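Worksheet: the structure to be examined is printed underneath.
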Amino acid sequence: MDNLRGDGVADFAVEARTGPLFARSRFEVALAVAIEADDHDLWGGAGPIVFVPLGERIRLEASVMLGGYGEGEWGNDLGSEFPMFRSQLGVSVAVAPGWWLGLAANHKSNASTAIDNPGVESVLLVLAHRF
């Protein structure tokens, strides 16, 4: 893993989600597309996202997305550019009608589809709005 940067960098992500495609009393499933970038790398992908309510105002969010990865000149060598998977787990709280604030952690790797399979993790402050 000596090919990975050990320093922390600012990470920014934008995600667009559909309304629930499948819903039960305990969870909802939607689809999402996302782009995530830091000052060296770029990842983009799509996949399912699951919401699990933990009361009236709190929910868990989990997603697994398939995408592609571009390593910048000083970026993280993750072993390949495609496929690159991102798994993410988060928790958010409703702060106003249609607005959610939360925290998420994700892991990106090629899931052993290449000879080398290092990964990289991100922690994100999430602000979501339902349109």
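Residue names in the structure tokens use chain letters A, B, ... in the order shown, residue numbers from 1 in each chain, and ligand numbers from 1 in the order shown.
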
Residues at most 8 Å from Arg17 (chain A), counting only C-alpha atoms, excluding those fewer than 4 positions away in the same chain, as a ChimeraX atom specification? /A:30-33

Extract, using only C-alpha atoms, all DNA, RNA and protein residues at most 12 Å from Val91 (chain A), discarding same-chain residues fewer than 3 positions from it, and format them as a list in words. Val50, Phe51, Val52, Pro53, Leu54, Arg57, Ile58, Arg59, Leu60, Glu61, Ala62, Ser63, Gln88, Ala94, Trp100, Leu101, Gly102, Leu103, Ala104, Ala105, Val123, Leu124, Leu125, Val126, Leu127 and Ala128 of chain A

Env of Phe85 (chain A): 7 Å cut, atoms = only C-alpha atoms, seq-sep filter 4 positions within chain, self excluded. Answer as an NGL selection string. :A and (65-67 or 108-111)

Based on the selection just made, write C-alpha atoms of those residues as a compact mmCIF listing (two decimals), in the first residue's frame.
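Result saved to part-v1.txt:
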```txt
# COMPACT_ATOMS: atom_id res chain seq x y z
CA MET A 65 -22.07 1.80 -6.76
CA LEU A 66 -20.16 0.71 -9.83
CA GLY A 67 -18.11 3.35 -11.56
CA LYS A 108 -13.47 2.77 -3.04
CA SER A 109 -11.56 -0.13 -4.59
CA ASN A 110 -11.49 -2.35 -7.68
CA ALA A 111 -12.77 -5.34 -5.61
```

In region 45-123 of chain A, DSSP strand (DSSP E) residues written as a VMD selection string: chain A and resid 45 to 53 58 to 71 84 to 96 99 to 109 120 to 123
